[in-house]
file model-v7.cif (mmCIF, C-alpha atoms (C1' of nucleotides))
data_upload
loop_
_atom_site.label_atom_id
_atom_site.label_comp_id
_atom_site.auth_asym_id
_atom_site.auth_seq_id
_atom_site.Cartn_x
_atom_site.Cartn_y
_atom_site.Cartn_z
CA MET A 11 0.00 0.00 0.00
CA ASN A 12 2.88 2.33 0.74
CA ASP A 13 5.32 0.68 -1.65
CA PRO A 14 3.86 0.11 -5.08
CA SER A 15 7.26 -0.66 -6.60
CA PRO A 16 7.51 -3.97 -8.45
CA THR A 17 10.02 -5.27 -5.95
CA SER A 18 7.85 -4.72 -2.89
CA ARG A 19 7.91 -7.66 -0.50
CA PRO A 20 4.70 -9.03 1.01
CA GLN A 21 4.77 -7.06 4.24
CA PRO A 22 3.76 -8.99 7.38
CA ALA A 23 0.97 -6.72 8.64
CA ARG A 24 -0.76 -7.31 11.94
CA ARG A 25 -3.45 -9.96 11.87
CA ARG A 26 -6.49 -10.59 13.99
CA ARG A 27 -6.82 -14.32 14.61
CA ARG A 28 -9.36 -16.65 16.10
CA GLY A 29 -8.70 -15.83 19.73
CA GLU A 30 -9.12 -12.11 19.85
CA GLU A 31 -12.79 -11.29 20.49
CA GLU A 32 -14.52 -11.12 17.11
CA PRO A 33 -14.65 -7.58 15.80
CA ALA A 34 -18.25 -7.81 14.61
CA THR A 35 -17.42 -6.77 11.06
CA LEU A 36 -19.61 -3.98 9.88
CA PRO A 37 -21.59 -6.58 7.95
CA ALA A 38 -21.88 -4.08 5.10
CA PRO A 39 -22.53 -0.35 5.19
CA ALA A 40 -25.17 0.49 7.75
CA THR A 41 -27.89 -0.08 5.18
CA ASN A 42 -30.19 -1.91 7.50
CA ALA A 43 -32.86 -1.85 4.82
CA ASP A 44 -34.37 -5.06 3.47
CA PRO A 45 -31.47 -7.26 2.44
CA GLY A 46 -33.62 -9.06 -0.11
CA PRO A 47 -33.61 -12.83 -0.48
CA LEU A 48 -31.03 -14.71 1.57
CA VAL A 49 -29.22 -17.82 0.41
CA SER A 50 -27.37 -20.65 2.12
CA ILE A 51 -23.60 -20.80 2.36
CA GLY A 52 -23.54 -23.51 -0.28
CA ALA A 53 -25.46 -21.40 -2.77
CA ALA A 54 -23.36 -18.36 -1.90
CA ALA A 55 -20.12 -20.25 -2.41
CA ALA A 56 -21.31 -21.61 -5.74
CA ALA A 57 -22.46 -18.18 -6.88
CA CYS A 58 -19.14 -16.57 -6.00
CA GLY A 59 -16.91 -19.40 -7.09
CA VAL A 60 -15.27 -19.82 -3.71
CA SER A 61 -15.32 -22.62 -1.15
CA LEU A 62 -17.49 -22.88 1.95
CA ARG A 63 -14.33 -22.82 3.98
CA ALA A 64 -13.28 -19.54 2.40
CA LEU A 65 -16.58 -17.89 3.34
CA ARG A 66 -16.29 -19.13 6.91
CA TYR A 67 -12.68 -18.00 6.98
CA TYR A 68 -13.57 -14.52 5.78
CA GLN A 69 -15.96 -14.37 8.67
CA GLU A 70 -13.35 -15.67 11.12
CA ILE A 71 -11.00 -12.83 10.31
CA GLY A 72 -13.72 -10.21 10.30
CA LEU A 73 -14.01 -9.64 6.58
CA LEU A 74 -17.61 -10.60 5.97
CA THR A 75 -20.41 -11.52 8.34
CA PRO A 76 -23.45 -13.09 6.68
CA SER A 77 -26.50 -10.86 6.86
CA GLY A 78 -28.48 -13.46 8.75
CA ARG A 79 -28.77 -16.82 10.44
CA THR A 80 -31.67 -19.23 10.57
CA PRO A 81 -33.11 -19.92 14.03
CA GLY A 82 -31.04 -23.10 13.96
CA GLY A 83 -27.82 -21.21 13.27
CA LEU A 84 -27.32 -21.70 9.53
CA ARG A 85 -25.66 -18.78 7.75
CA ARG A 86 -27.76 -16.76 5.30
CA TYR A 87 -26.10 -14.50 2.74
CA SER A 88 -27.68 -11.50 1.04
CA GLN A 89 -26.87 -10.16 -2.42
CA ALA A 90 -24.79 -7.43 -0.78
CA ASP A 91 -22.80 -10.18 0.93
CA LEU A 92 -22.18 -11.87 -2.39
CA ASP A 93 -21.06 -8.57 -3.91
CA ARG A 94 -18.72 -8.15 -1.01
CA VAL A 95 -17.17 -11.53 -1.68
CA GLY A 96 -16.64 -10.49 -5.27
CA ARG A 97 -14.97 -7.35 -4.08
CA ILE A 98 -12.71 -9.35 -1.78
CA ARG A 99 -11.64 -11.66 -4.58
CA GLU A 100 -11.04 -8.67 -6.83
CA LEU A 101 -8.80 -6.95 -4.33
CA GLN A 102 -7.02 -10.23 -3.72
CA THR A 103 -6.36 -11.36 -7.27
CA LEU A 104 -6.29 -8.08 -9.13
CA LEU A 105 -4.29 -5.97 -6.73
CA GLY A 106 -2.55 -8.80 -4.93
CA LEU A 107 -3.60 -7.53 -1.52
CA ASN A 108 -3.57 -9.92 1.41
CA LEU A 109 -6.73 -10.28 3.44
CA ASP A 110 -5.50 -7.83 6.02
CA GLU A 111 -5.10 -5.14 3.42
CA VAL A 112 -8.42 -6.13 1.90
CA ARG A 113 -10.05 -5.62 5.25
CA ALA A 114 -8.52 -2.16 5.54
CA VAL A 115 -9.90 -1.20 2.14
CA LEU A 116 -13.33 -2.62 2.87
CA GLU A 117 -13.54 -0.94 6.25
CA ASN A 118 -12.76 2.32 4.54
CA GLU A 119 -15.41 1.72 1.91
CA ASP A 120 -17.94 0.88 4.58
CA ARG A 121 -17.18 4.03 6.50
CA LEU A 122 -17.40 6.11 3.39
CA ALA A 123 -20.73 4.62 2.41
CA THR A 124 -22.13 5.11 5.89
CA LEU A 125 -21.00 8.68 6.03
CA ARG A 126 -22.36 9.41 2.59
CA ALA A 127 -25.68 7.95 3.62
CA GLU A 128 -26.08 10.07 6.72
CA TYR A 129 -24.25 13.08 5.38
CA ARG A 130 -27.32 15.28 5.29
CA SER A 131 -28.68 14.06 8.56
CA GLU A 132 -28.47 16.26 11.61
CA SER A 133 -27.30 13.47 13.88
CA THR A 134 -23.62 14.38 13.93
CA ASP A 135 -21.57 17.50 14.06
CA ALA A 136 -21.12 18.83 10.53
CA LEU A 137 -17.47 19.66 10.95
CA ARG A 138 -16.72 16.25 12.35
CA ARG A 139 -18.44 14.57 9.42
CA ARG A 140 -16.46 16.60 6.92
CA GLU A 141 -13.32 15.57 8.74
CA LEU A 142 -14.25 11.90 8.59
CA ILE A 143 -15.09 12.06 4.92
CA HIS A 144 -11.85 13.81 4.17
CA GLU A 145 -9.99 11.06 5.94
CA ALA A 146 -11.81 8.32 4.08
CA LEU A 147 -11.23 10.18 0.86
CA ALA A 148 -7.51 10.25 1.53
CA VAL A 149 -7.41 6.49 1.96
CA ARG A 150 -9.36 6.14 -1.23
CA MET A 151 -6.95 8.34 -3.14
CA SER A 152 -3.99 6.40 -1.87
CA LEU A 153 -5.69 3.28 -3.19
CA ARG A 154 -6.02 5.06 -6.51
CA GLU A 155 -2.28 5.67 -6.50
CA THR A 156 -1.62 1.99 -5.93
CA VAL A 157 -3.95 0.96 -8.71
CA THR A 158 -2.60 3.51 -11.14
CA ALA A 159 0.96 2.43 -10.47
CA LYS A 160 0.05 -1.16 -11.01
CA ARG A 161 -1.83 -0.43 -14.19
CA ASP A 162 1.10 1.54 -15.58
CA ALA A 163 3.53 -1.21 -14.71
CA LEU A 164 1.25 -3.69 -16.44
CA GLN A 165 1.07 -1.47 -19.48
CA ARG A 166 4.84 -1.35 -19.72
CA PHE A 167 4.94 -5.09 -19.35
CA LEU A 168 2.41 -5.41 -22.12
CA ASP A 169 4.39 -3.12 -24.39
CA ASP A 170 7.47 -5.26 -23.86
CA THR A 171 5.53 -8.40 -24.62
CA ASN A 172 4.14 -6.92 -27.79
CA ALA A 173 7.57 -5.77 -28.89
CA GLN A 174 8.91 -9.27 -28.44
CA ILE A 175 6.04 -10.75 -30.38
CA ASP A 176 6.59 -8.26 -33.17
CA ARG A 177 10.28 -9.05 -33.38
CA VAL A 178 9.70 -12.77 -33.65
CA GLN A 179 6.94 -12.31 -36.17
CA GLN A 180 9.25 -10.07 -38.18
CA LEU A 181 11.78 -12.88 -38.09
CA LEU A 182 9.24 -15.30 -39.48
CA ASP A 183 8.04 -12.86 -42.12
CA ASP A 184 11.59 -12.23 -43.31
CA ASP A 185 12.10 -15.93 -43.57
CA VAL A 186 9.01 -16.28 -45.73
CA THR A 187 9.92 -13.49 -48.15
CA VAL A 188 13.54 -14.70 -48.35
CA GLY A 189 13.08 -18.47 -48.42
CA MET B 14 -3.34 -18.74 -17.37
CA ASN B 15 -6.43 -20.20 -18.93
CA ASP B 16 -8.87 -18.38 -16.66
CA PRO B 17 -8.17 -14.69 -16.36
CA SER B 18 -11.54 -14.00 -14.73
CA PRO B 19 -11.40 -12.16 -11.43
CA THR B 20 -12.83 -15.15 -9.60
CA SER B 21 -10.15 -17.57 -10.75
CA ARG B 22 -8.85 -19.76 -7.93
CA PRO B 23 -5.12 -20.25 -7.46
CA GLN B 24 -4.82 -23.48 -9.40
CA PRO B 25 -2.62 -26.14 -7.76
CA ALA B 26 -0.22 -26.78 -10.63
CA ARG B 27 2.39 -29.52 -10.49
CA ARG B 28 5.53 -28.63 -8.62
CA ARG B 29 9.05 -29.94 -8.76
CA ARG B 30 10.45 -30.22 -5.25
CA ARG B 31 13.76 -30.90 -3.66
CA GLY B 32 13.85 -34.62 -4.20
CA GLU B 33 13.31 -34.91 -7.91
CA GLU B 34 16.69 -34.74 -9.68
CA GLU B 35 17.49 -31.09 -10.29
CA PRO B 36 16.39 -30.00 -13.74
CA ALA B 37 19.57 -28.01 -14.48
CA THR B 38 17.67 -24.86 -15.37
CA LEU B 39 18.77 -23.43 -18.65
CA PRO B 40 20.77 -20.89 -16.66
CA ALA B 41 19.70 -18.24 -19.16
CA PRO B 42 19.32 -18.43 -22.91
CA ALA B 43 22.18 -20.38 -24.46
CA THR B 44 24.23 -17.20 -24.68
CA ASN B 45 27.45 -18.82 -23.51
CA ALA B 46 29.27 -15.62 -24.34
CA ASP B 47 31.18 -13.71 -21.66
CA PRO B 48 28.77 -13.23 -18.78
CA GLY B 49 30.64 -10.12 -17.66
CA PRO B 50 31.53 -9.49 -14.04
CA LEU B 51 30.11 -11.94 -11.52
CA VAL B 52 28.95 -11.00 -8.05
CA SER B 53 28.38 -12.86 -4.81
CA ILE B 54 24.96 -13.96 -3.63
CA GLY B 55 24.97 -11.21 -1.03
CA ALA B 56 25.60 -8.51 -3.60
CA ALA B 57 23.07 -10.07 -5.95
CA ALA B 58 20.42 -10.18 -3.25
CA ALA B 59 21.07 -6.57 -2.30
CA ALA B 60 20.96 -5.46 -5.91
CA CYS B 61 17.66 -7.20 -6.56
CA GLY B 62 16.04 -6.44 -3.23
CA VAL B 63 15.45 -10.07 -2.33
CA SER B 64 16.86 -12.34 0.37
CA LEU B 65 19.69 -14.81 0.05
CA ARG B 66 17.21 -17.54 0.86
CA ALA B 67 15.01 -16.48 -2.02
CA LEU B 68 17.86 -16.75 -4.50
CA ARG B 69 18.80 -20.20 -3.21
CA TYR B 70 15.16 -21.18 -3.30
CA TYR B 71 14.77 -20.07 -6.90
CA GLN B 72 17.68 -22.34 -7.68
CA GLU B 73 16.17 -25.21 -5.69
CA ILE B 74 13.03 -25.19 -7.78
CA GLY B 75 14.88 -24.75 -11.03
CA LEU B 76 14.09 -21.12 -11.70
CA LEU B 77 17.55 -19.63 -11.76
CA THR B 78 20.99 -21.22 -11.62
CA PRO B 79 23.83 -18.77 -10.96
CA SER B 80 26.15 -18.41 -13.94
CA GLY B 81 29.15 -19.61 -11.96
CA ARG B 82 30.69 -20.90 -8.77
CA THR B 83 34.06 -20.17 -7.23
CA PRO B 84 36.44 -23.14 -6.93
CA GLY B 85 35.30 -23.35 -3.33
CA GLY B 86 31.63 -23.55 -4.28
CA LEU B 87 30.39 -20.00 -3.69
CA ARG B 88 27.66 -18.86 -6.08
CA ARG B 89 28.50 -16.15 -8.62
CA TYR B 90 25.73 -14.22 -10.38
CA SER B 91 26.01 -12.43 -13.72
CA GLN B 92 24.07 -9.38 -14.81
CA ALA B 93 21.81 -11.66 -16.84
CA ASP B 94 21.09 -13.57 -13.65
CA LEU B 95 20.14 -10.36 -11.87
CA ASP B 96 17.87 -9.40 -14.75
CA ARG B 97 16.25 -12.79 -14.48
CA VAL B 98 15.54 -12.23 -10.80
CA GLY B 99 13.91 -8.95 -11.71
CA ARG B 100 11.81 -10.72 -14.26
CA ILE B 101 10.79 -13.34 -11.69
CA ARG B 102 9.70 -10.69 -9.21
CA GLU B 103 7.82 -8.87 -11.93
CA LEU B 104 5.88 -11.95 -12.96
CA GLN B 105 5.22 -12.71 -9.30
CA THR B 106 4.03 -9.36 -8.07
CA LEU B 107 2.65 -7.80 -11.21
CA LEU B 108 0.82 -10.75 -12.69
CA GLY B 109 0.35 -12.70 -9.47
CA LEU B 110 1.85 -15.86 -10.95
CA ASN B 111 3.16 -18.51 -8.60
CA LEU B 112 6.71 -19.71 -9.11
CA ASP B 113 5.55 -22.69 -11.12
CA GLU B 114 3.84 -20.46 -13.63
CA VAL B 115 6.82 -18.14 -13.59
CA ARG B 116 9.03 -21.05 -14.51
CA ALA B 117 6.76 -21.91 -17.43
CA VAL B 118 6.98 -18.37 -18.75
CA LEU B 119 10.73 -18.18 -18.29
CA GLU B 120 11.30 -21.53 -19.96
CA ASN B 121 9.33 -20.26 -22.89
CA GLU B 122 11.34 -17.06 -23.03
CA ASP B 123 14.57 -19.01 -22.89
CA ARG B 124 13.52 -21.26 -25.72
CA LEU B 125 12.45 -18.30 -27.79
CA ALA B 126 15.74 -16.50 -27.21
CA THR B 127 17.74 -19.59 -28.06
CA LEU B 128 15.79 -20.19 -31.22
CA ARG B 129 16.11 -16.58 -32.25
CA ALA B 130 19.85 -16.77 -31.73
CA GLU B 131 20.39 -19.82 -33.89
CA TYR B 132 17.62 -19.08 -36.31
CA ARG B 133 19.94 -18.41 -39.22
CA SER B 134 22.32 -21.22 -38.37
CA GLU B 135 22.33 -24.36 -40.48
CA SER B 136 22.41 -26.68 -37.48
CA THR B 137 18.73 -27.54 -37.43
CA ASP B 138 16.09 -28.31 -39.94
CA ALA B 139 14.52 -25.07 -41.12
CA LEU B 140 10.97 -26.34 -40.98
CA ARG B 141 11.45 -27.67 -37.49
CA ARG B 142 12.80 -24.34 -36.31
CA ARG B 143 9.86 -22.47 -37.73
CA GLU B 144 7.60 -24.90 -35.97
CA LEU B 145 9.33 -24.33 -32.65
CA ILE B 146 9.21 -20.59 -33.00
CA HIS B 147 5.55 -20.72 -33.85
CA GLU B 148 4.93 -22.73 -30.73
CA ALA B 149 6.88 -20.34 -28.54
CA LEU B 150 5.09 -17.46 -30.17
CA ALA B 151 1.75 -18.98 -29.29
CA VAL B 152 2.69 -19.22 -25.61
CA ARG B 153 3.84 -15.64 -25.77
CA MET B 154 0.58 -14.48 -27.24
CA SER B 155 -1.39 -16.31 -24.60
CA LEU B 156 0.67 -14.44 -22.04
CA ARG B 157 -0.27 -11.25 -23.80
CA GLU B 158 -3.92 -12.18 -23.45
CA THR B 159 -3.48 -12.69 -19.73
CA VAL B 160 -1.73 -9.39 -19.30
CA THR B 161 -4.23 -7.50 -21.42
CA ALA B 162 -7.14 -8.95 -19.49
CA LYS B 163 -5.51 -7.99 -16.23
CA ARG B 164 -4.73 -4.49 -17.40
CA ASP B 165 -8.31 -3.99 -18.56
CA ALA B 166 -9.68 -5.27 -15.29
CA LEU B 167 -7.40 -2.89 -13.45
CA GLN B 168 -8.54 -0.03 -15.65
CA ARG B 169 -12.17 -0.74 -14.83
CA PHE B 170 -11.24 -0.91 -11.18
CA LEU B 171 -9.50 2.43 -11.49
CA ASP B 172 -12.49 3.99 -13.22
CA ASP B 173 -14.71 2.84 -10.39
CA THR B 174 -12.35 4.22 -7.81
CA ASN B 175 -12.21 7.55 -9.58
CA ALA B 176 -15.97 7.70 -9.86
CA GLN B 177 -16.29 7.14 -6.13
CA ILE B 178 -13.75 9.81 -5.39
CA ASP B 179 -15.55 12.23 -7.65
CA ARG B 180 -18.89 11.55 -6.01
CA VAL B 181 -17.56 12.17 -2.55
CA GLN B 182 -15.70 15.26 -3.63
CA GLN B 183 -18.89 16.52 -5.23
CA LEU B 184 -20.60 15.94 -1.93
CA LEU B 185 -18.02 18.03 -0.15
CA ASP B 186 -18.12 20.78 -2.77
CA ASP B 187 -21.90 21.02 -2.54
CA ASP B 188 -21.58 21.31 1.19
CA VAL B 189 -19.18 24.19 0.81
CA THR B 190 -21.33 26.17 -1.61
CA VAL B 191 -24.45 25.51 0.42
CA GLY B 192 -23.11 25.89 3.96
"C1'" DT C 13 49.48 -17.01 7.54
"C1'" DC C 14 45.51 -15.96 9.84
"C1'" DT C 15 41.17 -14.23 10.82
"C1'" DA C 16 36.65 -11.93 10.23
"C1'" DG C 17 32.92 -12.18 7.70
"C1'" DA C 18 30.50 -13.97 4.00
"C1'" DC C 19 28.94 -18.25 2.32
"C1'" DC C 20 27.91 -23.36 2.14
"C1'" DT C 21 24.36 -27.35 2.98
"C1'" DT C 22 20.87 -29.43 5.76
"C1'" DA C 23 16.92 -29.17 8.04
"C1'" DC C 24 13.32 -27.65 10.67
"C1'" DG C 25 10.02 -23.46 11.47
"C1'" DT C 26 6.45 -20.00 9.90
"C1'" DG C 27 2.36 -17.32 8.26
"C1'" DA C 28 -1.33 -16.82 5.00
"C1'" DA C 29 -5.22 -18.90 3.18
"C1'" DC C 30 -7.49 -22.12 3.13
"C1'" DG C 31 -8.49 -28.00 2.91
"C1'" DT C 32 -10.30 -31.70 5.34
"C1'" DC C 33 -12.06 -34.64 8.82
"C1'" DA C 34 -14.96 -35.83 12.91
"C1'" DG C 35 -19.01 -35.70 15.36
"C1'" DG C 36 -22.93 -33.75 15.60
"C1'" DG C 37 -27.28 -30.34 14.43
"C1'" DT C 38 -30.89 -28.32 10.94
"C1'" DC C 39 -34.51 -28.33 7.70
"C1'" DA C 40 -37.29 -28.93 3.35
"C1'" DG C 41 -39.89 -32.36 1.21
"C1'" DG C 42 -42.45 -36.51 1.22
"C1'" DC D 8 -42.64 -37.36 11.69
"C1'" DC D 9 -38.55 -38.85 9.20
"C1'" DT D 10 -35.06 -39.01 6.20
"C1'" DG D 11 -31.27 -37.28 3.41
"C1'" DA D 12 -28.88 -33.41 2.08
"C1'" DC D 13 -26.95 -29.62 3.86
"C1'" DC D 14 -24.83 -27.16 7.57
"C1'" DC D 15 -22.56 -26.35 12.27
"C1'" DT D 16 -18.19 -25.90 15.23
"C1'" DG D 17 -13.77 -27.24 16.47
"C1'" DA D 18 -9.38 -28.79 15.30
"C1'" DC D 19 -5.72 -30.52 12.84
"C1'" DG D 20 -3.42 -30.84 7.99
"C1'" DT D 21 -1.41 -28.69 3.71
"C1'" DT D 22 0.95 -25.76 0.25
"C1'" DC D 23 3.73 -21.94 -1.04
"C1'" DA D 24 7.50 -19.05 -0.50
"C1'" DC D 25 10.39 -18.39 1.94
"C1'" DG D 26 12.74 -17.51 7.40
"C1'" DT D 27 15.97 -19.15 10.57
"C1'" DA D 28 19.24 -21.79 13.09
"C1'" DA D 29 23.23 -25.04 13.24
"C1'" DG D 30 27.62 -26.43 12.13
"C1'" DG D 31 31.16 -26.29 8.93
"C1'" DT D 32 33.76 -23.90 4.67
"C1'" DC D 33 35.74 -20.23 1.76
"C1'" DT D 34 38.18 -16.09 0.80
"C1'" DA D 35 39.63 -11.22 0.83
"C1'" DG D 36 42.47 -8.46 3.31
"C1'" DA D 37 45.91 -7.24 7.01
#
call {"tool": "encode", "arguments": {"input": "model-v7.cif", "output": "structure tokens"}}
result
Amino acid sequence: MNDPSPTSRPQPARRRRRGEEEPATLPAPATNADPGPLVSIGAAAAACGVSLRALRYYQEIGLLTPSGRTPGGLRRYSQADLDRVGRIRELQTLLGLNLDEVRAVLENEDRLATLRAEYRSESTDALRRRELIHEALAVRMSLRETVTAKRDALQRFLDDTNAQIDRVQQLLDDDVTVG
Amino acid sequence: MNDPSPTSRPQPARRRRRGEEEPATLPAPATNADPGPLVSIGAAAAACGVSLRALRYYQEIGLLTPSGRTPGGLRRYSQADLDRVGRIRELQTLLGLNLDEVRAVLENEDRLATLRAEYRSESTDALRRRELIHEALAVRMSLRETVTAKRDALQRFLDDTNAQIDRVQQLLDDDVTVG
DNA sequence: TCTAGACCTTACGTGAACGTCAGGGTCAGG
DNA sequence: CCTGACCCTGACGTTCACGTAAGGTCTAGA
């Protein structure tokens, strides 16, 4: 996050493991509106292309808490939950973030969404809200830096690859016109 | 490699571990010309920003064999070796390939370089060489597909991020002009 | 020649992100 | 009400990409 260079090592980063009093993951932005239809963990996993274990693990580390449970204790996932899983996978595979960094990004997104939602409400001090939003915005812009750097690096990589392909194809073309 | 979708799982992929008769990694394309000045593993590690262990590990799994050894058995790395390390890190961090996939890409690059070098020589059958180059070219183009897909995905991600930033900034601007 | 420091091999340890197994509980459909 | 498929919570296992420690070796420099 603070070292977007191509030689950056996978920094350790503090982790929150199974012992340490579950953090009650903001289960999504504070949209406590109707979550729509809820699905089982099996259906959720299939829909997202991840394993049951992965979903339970995401919950373990405070990344994603299913929107509901049946009276018997079975997990029930909403569409927002499924979207969140997609987001997690995206941050993981696309940006190469570890789940700790993913959590940081998601927490920021959640805060931003919450603040945006209640921005016009009178509940909080206006100045304080502006402060919070500014802070969240800063995190967001640093993320943009990371992504931009990565995209540019990928573009350079792609240019190289294309150049190599061109050279070899040139070689073959020459051979055809000569031979 | 065959599934560039954002939900692709980290496929297992066969690995070659410490027991299985070292594969004598083409230590670089068959450029057996003067490798230039050779440096110790410590200097190499420092120059590339990786650990000594990493360099030895890359050798263990057949990714990179140092160009030389001292009579006493100390590893000596050439500039080409250092470049190769850079390439490894690039494929790892930029494309998110595991070291098995990295090895596949590098083996392909080595083959391509070798073939390019001896393309005009009489040593091999001309048809056969063209065949080989075509094959290597195909691998290369599939790599290009992967990279392009990833770049595009990143671009979309970036667009989203920018849109979010704009929306929040708009929110703040409105607040200023109103309040 | 001699030593400090870098390096060697071997081998066990580690953290992230799950996989998998055991021993039970839940629930929709018949 | 009953079954079979699905799900629960531990808890231990696994893979990757190294980290780290032990005990001995090599080599540049004084």
call {"tool": "resolve_selection", "arguments": {"input": "model-v7.cif", "expression": "the PyMOL selection byres ((chain A) within 9 of (chain B))", "output": "number ranges by chain"}}
result
A: 16-19, 58-60, 96, 99-100, 103-106, 122, 126, 129, 140, 143-144, 147, 150-151, 153-154, 157-158, 160-165, 167-168, 171-172, 174-175, 178-179, 181-182
call {"tool": "residues_around", "arguments": {"input": "model-v7.cif", "residues": "range 25-41 of chain C", "least_positions_apart": "4", "cutoff": "9 Å", "atoms": "all atoms listed in the file", "output": "count of residues only"}}
result
18
call {"tool": "resolve_selection", "arguments": {"input": "model-v7.cif", "expression": "the PyMOL selection byres ((chain C and resi 14-17) around 12)", "output": "list in words"}}
result
Gly55 of chain B; DT13, DA18 and DC19 of chain C; DC33, DT34, DA35, DG36 and DA37 of chain D
call {"tool": "atom_distance", "arguments": {"input": "model-v7.cif", "atom1": "CA of Asp187 in chain B", "atom2": "CA of Arg94 in chain A"}}
result
29.4 Å
call {"tool": "closest_residue", "arguments": {"input": "model-v7.cif", "among": "A:Val95, A:Leu62, A:Leu48, A:Ala159", "to": "chain C", "atoms": "all atoms listed in the file"}}
result
A:Leu62
call {"tool": "atom_distance", "arguments": {"input": "model-v7.cif", "atom1": "CA of Ser53 in chain B", "atom2": "CA of Arg89 in chain B"}}
result
5.0 Å
call {"tool": "residues_around", "arguments": {"input": "model-v7.cif", "residues": "DT21 in chain C", "least_positions_apart": "2", "cutoff": "10 Å", "atoms": "only C-alpha atoms (C1' of nucleotides)", "output": "compact mmCIF listing (two decimals) with C-alpha atoms (C1' of nucleotides), keeping the file's coordinate frame"}}
result
# COMPACT_ATOMS: atom_id res chain seq x y z
C1' DA C 23 16.92 -29.17 8.04
C1' DG D 30 27.62 -26.43 12.13
C1' DG D 31 31.16 -26.29 8.93
call {"tool": "atom_distance", "arguments": {"input": "model-v7.cif", "atom1": "CA of Arg66 in chain A", "atom2": "CA of Leu116 in chain A"}}
result
17.3 Å
call {"tool": "axis_aligned_box", "arguments": {"input": "model-v7.cif", "around": "range 26-30 of chain C", "padding_each_side": "5 Å", "output": "JSON"}}
result
{"center_x": -0.5, "center_y": -19.5, "center_z": 6.5, "size_x": 23.9, "size_y": 15.3, "size_z": 16.8}
